[in-house]
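Enquirer: Handing over entry.cif, mmCIF, C-alpha atoms.
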data_input
#
loop_
_atom_site.group_PDB
_atom_site.id
_atom_site.type_symbol
_atom_site.label_atom_id
_atom_site.label_comp_id
_atom_site.auth_asym_id
_atom_site.auth_seq_id
_atom_site.Cartn_x
_atom_site.Cartn_y
_atom_site.Cartn_z
ATOM 1 C CA MET A 59 80.177 11.999 -18.202
ATOM 2 C CA TYR A 60 77.339 10.318 -20.142
ATOM 3 C CA THR A 61 75.998 11.292 -23.541
ATOM 4 C CA ASP A 62 72.469 10.257 -22.600
ATOM 5 C CA SER A 63 71.102 10.528 -19.077
ATOM 6 C CA TYR A 64 68.794 7.595 -19.781
ATOM 7 C CA THR A 65 71.896 5.408 -19.985
ATOM 8 C CA TYR A 66 71.956 5.493 -16.202
ATOM 9 C CA MET A 67 68.558 6.932 -15.265
ATOM 10 C CA PRO A 68 65.826 4.939 -17.026
ATOM 11 C CA ALA A 69 62.574 4.353 -15.164
ATOM 12 C CA LEU A 70 62.840 1.129 -13.149
ATOM 13 C CA GLU A 71 59.897 -0.907 -11.873
ATOM 14 C CA THR A 72 59.472 -3.378 -9.043
ATOM 15 C CA PRO A 73 56.275 -5.049 -7.825
ATOM 16 C CA ARG A 74 55.290 -2.074 -5.627
ATOM 17 C CA LEU A 75 57.462 0.767 -6.891
ATOM 18 C CA LYS A 76 58.352 2.852 -9.884
ATOM 19 C CA LEU A 77 61.752 4.555 -9.757
ATOM 20 C CA ARG A 78 61.630 7.579 -12.023
ATOM 21 C CA LYS A 79 63.166 10.971 -12.562
ATOM 22 C CA LEU A 80 61.734 13.649 -10.329
ATOM 23 C CA THR A 81 59.778 16.628 -11.651
ATOM 24 C CA MET A 82 58.709 19.926 -10.095
ATOM 25 C CA ARG A 83 55.235 18.393 -9.651
ATOM 26 C CA ASP A 84 56.767 16.201 -6.913
ATOM 27 C CA ALA A 85 57.446 19.144 -4.575
ATOM 28 C CA GLU A 86 54.514 18.473 -2.196
ATOM 29 C CA ASP A 87 55.396 14.780 -1.852
ATOM 30 C CA ILE A 88 59.073 15.570 -1.271
ATOM 31 C CA TYR A 89 58.171 18.189 1.328
ATOM 32 C CA HIS A 90 55.749 15.808 3.056
ATOM 33 C CA TYR A 91 58.527 13.424 4.115
ATOM 34 C CA SER A 92 61.625 15.658 3.920
ATOM 35 C CA ARG A 93 60.339 17.953 6.669
ATOM 36 C CA ASP A 94 60.473 15.020 9.107
ATOM 37 C CA ALA A 95 63.567 15.474 11.297
ATOM 38 C CA GLU A 96 63.717 11.715 11.875
ATOM 39 C CA VAL A 97 63.952 11.066 8.112
ATOM 40 C CA ALA A 98 66.717 13.701 7.842
ATOM 41 C CA ARG A 99 68.570 12.498 10.945
ATOM 42 C CA HIS A 100 71.113 10.227 9.219
ATOM 43 C CA VAL A 101 71.390 11.887 5.804
ATOM 44 C CA LEU A 102 73.554 14.829 4.773
ATOM 45 C CA TRP A 103 70.664 17.228 4.154
ATOM 46 C CA ASP A 104 68.659 19.108 6.768
ATOM 47 C CA ALA A 105 64.930 18.613 7.239
ATOM 48 C CA HIS A 106 63.070 20.888 4.839
ATOM 49 C CA ARG A 107 61.533 23.896 6.569
ATOM 50 C CA SER A 108 59.309 24.944 3.668
ATOM 51 C CA ILE A 109 58.031 23.827 0.294
ATOM 52 C CA GLY A 110 60.674 26.193 -1.088
ATOM 53 C CA ASP A 111 63.401 23.896 0.276
ATOM 54 C CA SER A 112 61.819 20.981 -1.584
ATOM 55 C CA ARG A 113 61.578 23.008 -4.783
ATOM 56 C CA SER A 114 65.248 23.971 -4.459
ATOM 57 C CA TYR A 115 66.156 20.304 -4.106
ATOM 58 C CA LEU A 116 64.118 19.458 -7.198
ATOM 59 C CA ARG A 117 65.802 22.217 -9.224
ATOM 60 C CA TYR A 118 69.162 20.751 -8.152
ATOM 61 C CA MET A 119 68.098 17.264 -9.330
ATOM 62 C CA LEU A 120 66.800 18.634 -12.645
ATOM 63 C CA ARG A 121 70.176 20.333 -13.245
ATOM 64 C CA ARG A 122 71.944 17.044 -12.543
ATOM 65 C CA TYR A 123 69.681 15.256 -15.028
ATOM 66 C CA ARG A 124 70.316 17.916 -17.699
ATOM 67 C CA ASN A 125 74.090 17.768 -17.102
ATOM 68 C CA HIS A 126 74.087 13.948 -17.244
ATOM 69 C CA GLU A 127 75.476 13.752 -13.712
ATOM 70 C CA PRO A 128 74.745 11.055 -11.127
ATOM 71 C CA ALA A 129 71.391 11.794 -9.528
ATOM 72 C CA SER A 130 68.462 10.280 -7.666
ATOM 73 C CA TRP A 131 65.288 8.637 -8.809
ATOM 74 C CA GLY A 132 62.049 9.423 -7.051
ATOM 75 C CA ILE A 133 60.564 6.334 -5.428
ATOM 76 C CA GLU A 134 56.935 6.316 -6.513
ATOM 77 C CA TRP A 135 54.472 4.169 -4.583
ATOM 78 C CA LYS A 136 52.511 2.576 -7.436
ATOM 79 C CA ALA A 137 49.307 2.248 -5.407
ATOM 80 C CA THR A 138 48.922 6.033 -5.077
ATOM 81 C CA GLY A 139 51.443 7.619 -7.459
ATOM 82 C CA GLU A 140 53.024 9.410 -4.450
ATOM 83 C CA ILE A 141 56.774 9.987 -4.216
ATOM 84 C CA ILE A 142 57.774 8.373 -0.916
ATOM 85 C CA GLY A 143 61.557 8.675 -1.112
ATOM 86 C CA THR A 144 64.621 8.929 -3.299
ATOM 87 C CA ILE A 145 67.427 6.590 -4.271
ATOM 88 C CA GLY A 146 70.314 7.148 -6.611
ATOM 89 C CA PHE A 147 73.988 7.384 -7.317
ATOM 90 C CA MET A 148 75.977 9.906 -5.320
ATOM 91 C CA TRP A 149 78.979 9.485 -7.608
ATOM 92 C CA VAL A 150 80.069 7.282 -10.469
ATOM 93 C CA GLN A 151 83.714 6.608 -11.370
ATOM 94 C CA THR A 152 83.755 5.410 -14.949
ATOM 95 C CA ASP A 153 87.507 4.693 -14.842
ATOM 96 C CA ASN A 154 86.967 2.261 -11.971
ATOM 97 C CA SER A 155 83.462 1.093 -12.961
ATOM 98 C CA ALA A 156 82.324 1.958 -9.445
ATOM 99 C CA ALA A 157 79.520 3.966 -7.877
ATOM 100 C CA GLU A 158 77.999 4.857 -4.523
ATOM 101 C CA VAL A 159 74.270 4.655 -3.885
ATOM 102 C CA GLY A 160 72.310 6.592 -1.269
ATOM 103 C CA TYR A 161 68.657 6.758 -0.295
ATOM 104 C CA SER A 162 65.967 8.182 1.974
ATOM 105 C CA LEU A 163 62.376 7.118 2.656
ATOM 106 C CA ASN A 164 59.183 8.546 4.118
ATOM 107 C CA ARG A 165 58.914 7.271 7.708
ATOM 108 C CA ASP A 166 55.363 6.003 7.072
ATOM 109 C CA PHE A 167 56.936 3.373 4.794
ATOM 110 C CA TRP A 168 59.788 2.182 7.023
ATOM 111 C CA ASN A 169 60.093 -1.519 7.942
ATOM 112 C CA GLN A 170 58.048 -2.771 4.975
ATOM 113 C CA GLY A 171 60.886 -3.954 2.715
ATOM 114 C CA ILE A 172 60.400 -0.995 0.398
ATOM 115 C CA MET A 173 63.958 0.298 0.438
ATOM 116 C CA THR A 174 65.286 -3.230 -0.020
ATOM 117 C CA GLU A 175 63.069 -3.546 -3.105
ATOM 118 C CA ALA A 176 64.296 -0.198 -4.479
ATOM 119 C CA LEU A 177 67.975 -0.884 -3.735
ATOM 120 C CA ARG A 178 67.823 -4.291 -5.435
ATOM 121 C CA ALA A 179 66.479 -2.605 -8.592
ATOM 122 C CA VAL A 180 69.221 0.038 -8.554
ATOM 123 C CA ILE A 181 71.951 -2.557 -7.965
ATOM 124 C CA ALA A 182 70.634 -4.689 -10.836
ATOM 125 C CA HIS A 183 70.579 -1.639 -13.118
ATOM 126 C CA GLY A 184 74.090 -0.658 -12.030
ATOM 127 C CA PHE A 185 75.492 -4.013 -13.059
ATOM 128 C CA ARG A 186 73.278 -4.780 -16.060
ATOM 129 C CA GLY A 187 72.600 -1.310 -17.458
ATOM 130 C CA MET A 188 75.737 0.590 -16.484
ATOM 131 C CA ASN A 189 78.247 -2.264 -16.552
ATOM 132 C CA LEU A 190 79.595 -1.382 -13.097
ATOM 133 C CA ASN A 191 81.985 -3.672 -11.269
ATOM 134 C CA ARG A 192 81.432 -2.272 -7.744
ATOM 135 C CA ILE A 193 78.534 -0.555 -6.007
ATOM 136 C CA GLU A 194 79.012 0.741 -2.499
ATOM 137 C CA ALA A 195 76.910 2.417 0.151
ATOM 138 C CA GLN A 196 77.507 3.750 3.632
ATOM 139 C CA HIS A 197 75.420 4.457 6.695
ATOM 140 C CA GLU A 198 76.023 6.119 10.018
ATOM 141 C CA THR A 199 76.828 3.538 12.691
ATOM 142 C CA THR A 200 73.845 4.861 14.658
ATOM 143 C CA ASN A 201 71.517 3.782 11.817
ATOM 144 C CA PRO A 202 71.803 -0.033 11.781
ATOM 145 C CA ALA A 203 68.495 -0.453 9.899
ATOM 146 C CA SER A 204 70.193 0.930 6.795
ATOM 147 C CA GLY A 205 72.920 -1.697 7.109
ATOM 148 C CA ALA A 206 70.232 -4.382 7.288
ATOM 149 C CA VAL A 207 68.832 -3.137 3.962
ATOM 150 C CA MET A 208 72.296 -3.323 2.408
ATOM 151 C CA ARG A 209 72.892 -6.874 3.669
ATOM 152 C CA LYS A 210 69.488 -8.028 2.356
ATOM 153 C CA CYS A 211 70.601 -6.782 -1.068
ATOM 154 C CA GLY A 212 73.786 -8.859 -1.017
ATOM 155 C CA MET A 213 76.140 -6.076 0.033
ATOM 156 C CA VAL A 214 79.048 -7.000 2.294
ATOM 157 C CA ARG A 215 80.251 -4.892 5.211
ATOM 158 C CA GLU A 216 83.825 -3.802 4.532
ATOM 159 C CA GLY A 217 84.500 -1.874 7.714
ATOM 160 C CA THR A 218 83.995 1.217 9.806
ATOM 161 C CA LEU A 219 85.271 4.558 8.565
ATOM 162 C CA ARG A 220 85.882 6.593 11.688
ATOM 163 C CA GLN A 221 84.598 10.169 11.614
ATOM 164 C CA ARG A 222 84.181 9.848 7.833
ATOM 165 C CA LEU A 223 81.473 12.506 7.542
ATOM 166 C CA TYR A 224 80.618 15.795 9.175
ATOM 167 C CA ASN A 225 76.862 15.750 9.643
ATOM 168 C CA LYS A 226 74.662 18.146 11.568
ATOM 169 C CA GLY A 227 77.454 19.647 13.623
ATOM 170 C CA ARG A 228 79.409 16.504 14.429
ATOM 171 C CA TYR A 229 81.793 13.996 12.892
ATOM 172 C CA VAL A 230 80.163 10.602 12.463
ATOM 173 C CA ASP A 231 81.466 7.085 11.952
ATOM 174 C CA VAL A 232 80.039 5.176 9.004
ATOM 175 C CA GLU A 233 79.867 1.527 7.985
ATOM 176 C CA LEU A 234 80.971 0.889 4.402
ATOM 177 C CA TYR A 235 79.219 -1.826 2.380
ATOM 178 C CA ALA A 236 79.772 -2.969 -1.201
ATOM 179 C CA ILE A 237 78.678 -5.534 -3.726
ATOM 180 C CA LEU A 238 80.794 -6.644 -6.674
ATOM 181 C CA ARG A 239 79.603 -7.799 -10.081
ATOM 182 C CA LYS A 240 80.785 -11.350 -9.325
ATOM 183 C CA ASP A 241 78.796 -11.342 -6.052
ATOM 184 C CA PHE A 242 75.705 -9.997 -7.785
ATOM 185 C CA ARG A 243 75.591 -12.910 -10.217
ATOM 186 C CA GLY A 244 75.553 -15.358 -7.336
ATOM 187 C CA LYS A 245 73.135 -13.678 -4.922
ATOM 188 C CA LEU A 246 70.433 -11.828 -6.808
#
Please re-express this file's structure in structure tokens.
Expert:
Amino acid sequence: MYTDSYTYMPALETPRLKLRKLTMRDAEDIYHYSRDAEVARHVLWDAHRSIGDSRSYLRYMLRRYRNHEPASWGIEWKATGEIIGTIGFMWVQTDNSAAEVGYSLNRDFWNQGIMTEALRAVIAHGFRGMNLNRIEAQHETTNPASGAVMRKCGMVREGTLRQRLYNKGRYVDVELYAILRKDFRGKL
């Protein structure tokens, strides 16, 4: 898809965060928050049961980086150097200049504007660095806090997709949000 993974995965910085590619050295940090069932509740992966699960996830991300496929950045908390979450593109359609972003965050860092800060950086990179026209995201209807993050970043709710995903043994409804290049220029 891309000739250089840094075309879409450069390190990004915000006042409190560094978004960077993950490494195997991040396994303990990933395990620390990924084992929390509440963090895993609304995402498509199960809570990690061992450090081995976190290492498997990291190997998967490293393969995606090597293959120049859409992947996630680690969200590094600058104050400590700890990885406190991930954010990245789930898919990118070059023909349509569109992508979907997804994220997760250590519960200790919820409700502090951190994910809003990270998502703004990824949206800006998507439009400025990747020349996208549309960036979308979705959240389970039972996770309205994620929708609040999307709205704070200028994304617009486009509707409910009924039983869009099968997650943890059940079909779930999701809210679809998106921001267009023309909206980005005016809001961020």
Enquirer: If I take atom CA of A:Asn189 and atom CA of A:Tyr118, how far is one from the other in Å, to one decimal?
Expert: 26.1 Å
Enquirer: List the residues matched by the PyMOL selection byres ((chain A and resi 168) around 12) in the displayed structure as a ChimeraX atom specification, ordered by chain and then by residue number.
Expert: /A:91,96-97,142-143,162-167,169-174,203-204,207
Enquirer: What is the distance between atom CA of A:Gly160 and atom CA of A:Leu234, in Å to one decimal?
Expert: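 A separation of 11.8 Å between them.
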Enquirer: Could you list, as a list of chain:residue names, every residue matched by the PyMOL selection byres ((chain A and resi 225) around 10) in this structure?
Expert: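 After applying the PyMOL selection byres ((chain A and resi 225) around 10), what remains is A:Arg99, A:His100, A:Val101, A:Leu102, A:Trp103, A:Asp104, A:Glu198, A:Gln221, A:Arg222, A:Leu223, A:Tyr224, A:Lys226, A:Gly227, A:Arg228, A:Tyr229, A:Val230.
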Enquirer: Name the residues captured by the PyMOL selection byres ((chain A and resi 84) around 9) when it is applied to the shown file; answer as a PyMOL selection string.
Expert: chain A and resi 80-83+85-89+112-113+116+132+140-141
Enquirer: Just the number, please: distance in Å from atom CA of A:Gly110 to atom CA of A:Leu77, one decimal.
Expert: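 One can read the atom CA of A:Gly110 to atom CA of A:Leu77 distance as 23.3 Å.
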Enquirer: Have a look at A:Leu75, A:Met67, A:Phe147, A:Leu238 and name the one nearest to A:Arg124; count all atoms listed in the file.
Expert: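 Among the listed residues, the smallest separation from A:Arg124 belongs to A:Met67.
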Enquirer: Measuring atom to atom with all atoms listed in the file, identify which of A:Ala176, A:Met119, A:Ile181, A:Ala157 is nearest to A:Gly212.
Expert: A:Ile181
Enquirer: Which is closer to A:Lys210 than all the others in A:Asp241, A:Asp153, A:Glu194, A:Glu175, using all atoms listed in the file?
Expert: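 The shortest atom-to-atom distance to A:Lys210 comes from A:Glu175.
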Enquirer: Using all atoms listed in the file, what residues lie at most 9 Å away from (84.7, 2.0, -7.4) (file coordinates), given as a list of chain:residue names?
Expert: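 All residues meeting the 9 Å criterion around (84.7, 2.0, -7.4) are A:Val150, A:Gln151, A:Thr152, A:Asp153, A:Asn154, A:Ser155, A:Ala156, A:Ala157, A:Glu158, A:Leu190, A:Asn191, A:Arg192, A:Ile193, A:Glu194.
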Enquirer: Rank nothing, just name the residue among A:Arg239, A:Arg93, A:Val214, A:Ile133 nearest to A:Met188, using only C-alpha atoms.
Expert: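 Ranked by minimum distance to A:Met188, first place goes to A:Arg239.
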Enquirer: Considering only C-alpha atoms, state which residue in the set A:His90, A:Tyr123, A:Pro73, A:Trp135 is at the smallest distance from A:Arg107.
Expert: A:His90
